[in-house]
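The next block is protein20.tsv, given as TSV, C-alpha atoms.
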chain	number	residue	atom	x	y	z
A	1306	MET	CA	80.70	84.35	114.39
A	1307	ARG	CA	84.07	85.40	113.00
A	1308	PHE	CA	84.74	84.83	109.33
A	1309	LYS	CA	88.37	84.10	108.62
A	1310	GLU	CA	89.96	82.41	105.66
A	1311	LYS	CA	93.12	80.32	106.00
A	1312	THR	CA	95.82	80.31	103.34
A	1313	VAL	CA	97.12	76.81	102.58
A	1314	LYS	CA	99.23	77.60	99.51
A	1315	SER	CA	100.45	80.82	97.93
A	1316	GLU	CA	102.02	81.26	94.50
A	1317	VAL	CA	103.50	84.42	93.00
A	1318	ILE	CA	102.08	84.80	89.49
A	1319	TYR	CA	103.73	88.10	88.62
A	1320	LYS	CA	106.25	90.37	90.32
A	1321	GLY	CA	106.59	93.83	88.84
A	1322	ARG	CA	107.98	97.22	89.77
A	1323	ILE	CA	104.76	98.38	91.46
A	1324	ILE	CA	102.67	95.28	92.14
A	1325	THR	CA	102.96	91.59	92.89
A	1326	VAL	CA	100.11	89.26	91.94
A	1327	LYS	CA	99.56	86.09	93.94
A	1328	LYS	CA	97.20	83.14	93.62
A	1329	ASP	CA	96.31	81.67	96.99
A	1330	ASP	CA	94.53	78.42	97.79
A	1331	ILE	CA	92.43	79.01	100.89
A	1332	VAL	CA	90.03	77.28	103.24
A	1333	LEU	CA	86.75	79.10	103.88
A	1334	PRO	CA	85.11	79.36	107.33
A	1335	ASN	CA	82.78	76.47	106.39
A	1336	GLY	CA	85.75	74.22	105.48
A	1337	ASN	CA	85.36	74.45	101.70
A	1338	SER	CA	88.29	75.33	99.45
A	1339	ALA	CA	88.54	78.41	97.25
A	1340	ILE	CA	91.07	80.47	95.31
A	1341	ARG	CA	91.94	84.12	95.96
A	1342	GLU	CA	93.86	86.27	93.48
A	1343	VAL	CA	95.53	89.13	95.31
A	1344	VAL	CA	97.33	92.20	94.04
A	1345	HIS	CA	99.94	93.34	96.58
A	1346	HIS	CA	100.89	97.01	96.56
A	1347	SER	CA	103.19	98.95	98.91
A	1348	GLY	CA	100.46	101.49	99.58
A	1349	GLY	CA	100.40	105.19	99.09
A	1350	SER	CA	99.62	108.59	100.51
A	1351	ALA	CA	97.51	111.44	99.24
A	1352	ILE	CA	97.44	115.00	100.51
A	1353	LEU	CA	94.77	117.65	100.51
A	1354	CYS	CA	96.19	121.16	100.35
A	1355	GLU	CA	94.05	124.26	100.79
A	1356	MET	CA	95.14	127.87	100.34
A	1357	ASP	CA	92.95	130.97	100.12
A	1358	GLY	CA	89.73	128.96	99.75
A	1359	LYS	CA	91.12	126.85	96.92
A	1360	ILE	CA	92.37	123.28	96.85
A	1361	LEU	CA	95.37	122.10	94.88
A	1362	MET	CA	94.41	119.57	92.23
A	1363	VAL	CA	96.53	117.75	89.68
A	1364	LYS	CA	95.41	116.40	86.34
A	1365	GLN	CA	97.25	113.50	84.79
A	1366	PHE	CA	96.73	110.77	82.25
A	1367	ARG	CA	95.91	107.41	83.82
A	1368	TYR	CA	96.72	104.58	81.47
A	1369	PRO	CA	94.22	101.95	82.76
A	1370	TYR	CA	91.33	104.34	82.07
A	1371	ALA	CA	92.90	105.98	78.99
A	1372	GLU	CA	91.93	109.42	80.21
A	1373	GLU	CA	93.17	112.36	82.24
A	1374	LEU	CA	91.89	112.40	85.82
A	1375	TRP	CA	91.64	115.14	88.43
A	1376	GLU	CA	93.26	114.06	91.69
A	1377	ILE	CA	94.76	115.45	94.85
A	1378	PRO	CA	98.56	114.99	94.93
A	1379	ALA	CA	99.44	111.39	95.76
A	1380	GLY	CA	101.97	108.67	95.23
A	1381	LYS	CA	103.22	105.29	96.33
A	1382	LEU	CA	105.32	104.73	99.40
A	1383	ASN	CA	109.00	104.31	98.69
A	1384	GLU	CA	110.74	101.50	100.52
A	1385	GLY	CA	111.46	102.57	104.10
A	1386	GLU	CA	109.48	105.82	103.74
A	1387	SER	CA	106.69	106.66	106.19
A	1388	PRO	CA	103.24	107.45	104.78
A	1389	GLU	CA	103.49	110.97	106.26
A	1390	LEU	CA	106.77	111.68	104.46
A	1391	THR	CA	105.32	110.28	101.24
A	1392	ALA	CA	102.45	112.78	101.44
A	1393	ILE	CA	104.83	115.69	102.12
A	1394	ARG	CA	107.14	114.60	99.28
A	1395	GLU	CA	104.32	114.20	96.76
A	1396	LEU	CA	102.85	117.61	97.56
A	1397	GLU	CA	106.17	119.28	96.83
A	1398	GLU	CA	106.93	117.15	93.75
A	1399	GLU	CA	103.52	117.61	92.12
A	1400	GLY	CA	102.41	120.98	93.46
A	1401	GLY	CA	105.51	122.94	94.40
A	1402	ILE	CA	104.24	123.32	97.97
A	1403	LYS	CA	106.09	122.31	101.13
A	1404	ALA	CA	103.94	121.42	104.13
A	1405	LYS	CA	105.64	122.02	107.46
A	1406	ARG	CA	102.86	120.13	109.21
A	1407	VAL	CA	100.35	117.48	108.12
A	1408	GLU	CA	97.46	115.77	109.85
A	1409	LYS	CA	96.22	112.33	108.91
A	1410	LEU	CA	92.53	112.45	108.02
A	1411	PHE	CA	92.00	108.71	107.52
A	1412	GLU	CA	93.09	105.71	105.50
A	1413	ILE	CA	91.12	103.87	102.86
A	1414	TYR	CA	91.12	100.44	101.26
A	1415	PRO	CA	90.39	101.36	97.62
A	1416	THR	CA	89.65	97.86	96.26
A	1417	PRO	CA	89.46	95.32	99.12
A	1418	ALA	CA	88.08	92.42	97.07
A	1419	TYR	CA	91.43	91.73	95.41
A	1420	ASN	CA	93.99	94.38	96.40
A	1421	ASP	CA	95.77	95.00	99.72
A	1422	GLU	CA	96.69	98.63	98.96
A	1423	ILE	CA	96.12	101.15	101.75
A	1424	ILE	CA	96.00	104.86	100.92
A	1425	ARG	CA	96.58	107.26	103.78
A	1426	ILE	CA	95.03	110.68	103.27
A	1427	TYR	CA	96.56	113.75	104.91
A	1428	GLN	CA	95.79	117.44	105.09
A	1429	ALA	CA	98.62	119.96	104.67
A	1430	PHE	CA	99.24	122.94	106.96
A	1431	ASP	CA	101.87	125.70	107.37
A	1432	LEU	CA	102.53	125.92	103.66
A	1433	GLU	CA	105.51	127.33	101.79
A	1434	LYS	CA	105.74	127.73	98.01
A	1435	THR	CA	108.73	125.92	96.48
A	1436	GLN	CA	109.31	124.31	93.09
A	1437	LYS	CA	107.68	121.31	91.44
A	1438	HIS	CA	110.04	118.47	90.63
A	1439	LEU	CA	108.14	115.73	88.85
A	1440	ASP	CA	109.46	112.21	88.42
A	1441	GLU	CA	111.08	111.47	85.06
A	1442	ASP	CA	108.02	109.50	83.88
A	1443	GLU	CA	105.42	111.85	85.39
A	1444	PHE	CA	103.46	114.34	83.32
A	1445	LEU	CA	100.77	116.43	85.00
A	1446	THR	CA	99.40	119.89	85.46
A	1447	SER	CA	98.35	121.44	88.75
A	1448	GLU	CA	95.64	123.96	89.42
A	1449	TRP	CA	94.13	125.67	92.45
A	1450	ILE	CA	90.36	125.19	92.25
A	1451	GLU	CA	87.63	126.92	94.29
A	1452	LYS	CA	86.07	124.61	96.88
A	1453	GLU	CA	82.51	125.17	95.63
A	1454	LYS	CA	83.51	124.30	92.07
A	1455	LEU	CA	85.09	121.04	93.29
A	1456	LYS	CA	81.79	119.89	94.74
A	1457	ASP	CA	80.14	120.50	91.35
A	1458	MET	CA	82.98	118.63	89.64
A	1459	ILE	CA	82.39	115.61	91.88
A	1460	TYR	CA	78.64	115.45	91.32
A	1461	SER	CA	78.94	116.06	87.58
A	1462	GLY	CA	81.38	113.15	87.28
A	1463	GLU	CA	84.33	115.30	86.29
A	1464	ILE	CA	86.25	114.07	89.37
A	1465	LYS	CA	86.17	110.26	89.43
A	1466	ASP	CA	89.21	109.27	91.45
A	1467	ALA	CA	87.99	107.58	94.66
A	1468	LYS	CA	90.66	108.87	97.07
A	1469	THR	CA	90.09	112.40	95.79
A	1470	VAL	CA	86.31	112.23	96.06
A	1471	ILE	CA	86.53	110.89	99.61
A	1472	ALA	CA	89.10	113.48	100.73
A	1473	LEU	CA	87.24	116.38	99.14
A	1474	LEU	CA	83.86	115.42	100.53
A	1475	ALA	CA	85.38	115.05	104.00
A	1476	VAL	CA	86.58	118.66	104.01
A	1477	LEU	CA	83.96	120.29	101.80
A	1478	ASP	CA	81.10	119.16	104.02
A	1479	LYS	CA	82.63	120.58	107.21
Please re-express this file's structure in structure tokens.
Amino acid sequence: MRFKEKTVKSEVIYKGRIITVKKDDIVLPNGNSAIREVVHHSGGSAILCEMDGKILMVKQFRYPYAEELWEIPAGKLNEGESPELTAIRELEEEGGIKAKRVEKLFEIYPTPAYNDEIIRIYQAFDLEKTQKHLDEDEFLTSEWIEKEKLKDMIYSGEIKDAKTVIALLAVLDK
């Protein structure tokens, strides 16, 4: 049996710079009605960068959690930009590293119950040191961290960001 829900009415509740929130009236597979609240997001890319046995990490304040989080470099897709180019751009902006080649590891749906965001995770290769050039409203530090320490940081709860945990575990367990 296939479970599919049919949208019968859709209303934009909020349209912002980064997200759009919609309230949809739907019909369930059994014919009953329900409401779905959906956050639409353009999606993003994250990039795992390893050099000399260390992985580039960034630490930045994340307002919804009111704390600084360790993450791999990442950012939202700009209009018309491919996910691959987003990953390359973010690595240079946040880490001062230019990747001449990237490979897509996988994509994740971070919060599928109410959000349609897709994050594509890449790994960087053929690296060249350049300069960081953060966005005007972006404040972060970057640090190269030993792979073994990162595993400890995950299991101690020091690294909480889902995309980062997934990307790190994928390469640390190889």
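For the pair atom CA of Leu1473 of chain A and atom CA of Leu1455 of chain A, the interatomic distance is 7.8 Å.
Residue nearest Thr1469 of chain A, chosen from A:Tyr1419, A:Tyr1427, A:Trp1449, A:Phe1308 and counting only C-alpha atoms: A:Tyr1427.
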For Tyr1460 of chain A: contacts at 12 Å, all atoms listed in the file, fewer than 6 positions along chain excluded, given as a PDB file with C-alpha atoms, keeping the file's coordinate frame:
ATOM      1  CA  GLU A1453      82.510 125.170  95.630  1.00  0.00           C
ATOM      2  CA  LYS A1454      83.510 124.300  92.070  1.00  0.00           C
ATOM      3  CA  VAL A1470      86.310 112.230  96.060  1.00  0.00           C
ATOM      4  CA  LEU A1473      87.240 116.380  99.140  1.00  0.00           C
ATOM      5  CA  LEU A1474      83.860 115.420 100.530  1.00  0.00           C
TER       6      LEU A1474
END
### Residue neighbourhood Arg1341 of chain A, 7 Å, all atoms listed in the file, exclusion window fewer than 5 positions, as a list in words
Lys1328, Asp1329 and Asp1330 of chain A
### Task
Could you check which of A:Lys1452, A:Lys1409, A:Lys1403, A:Lys1314 is closest to Val1332 of chain A, using all atoms listed in the file?
A:Lys1314
### Task
Just give me the residues with any atom within 12 Å of (91.2, 111.5, 102.3), file coordinates, counting all atoms listed in the file, written as number ranges by chain.
A: 1349-1354, 1376-1379, 1392, 1408-1415, 1423-1429, 1466-1477
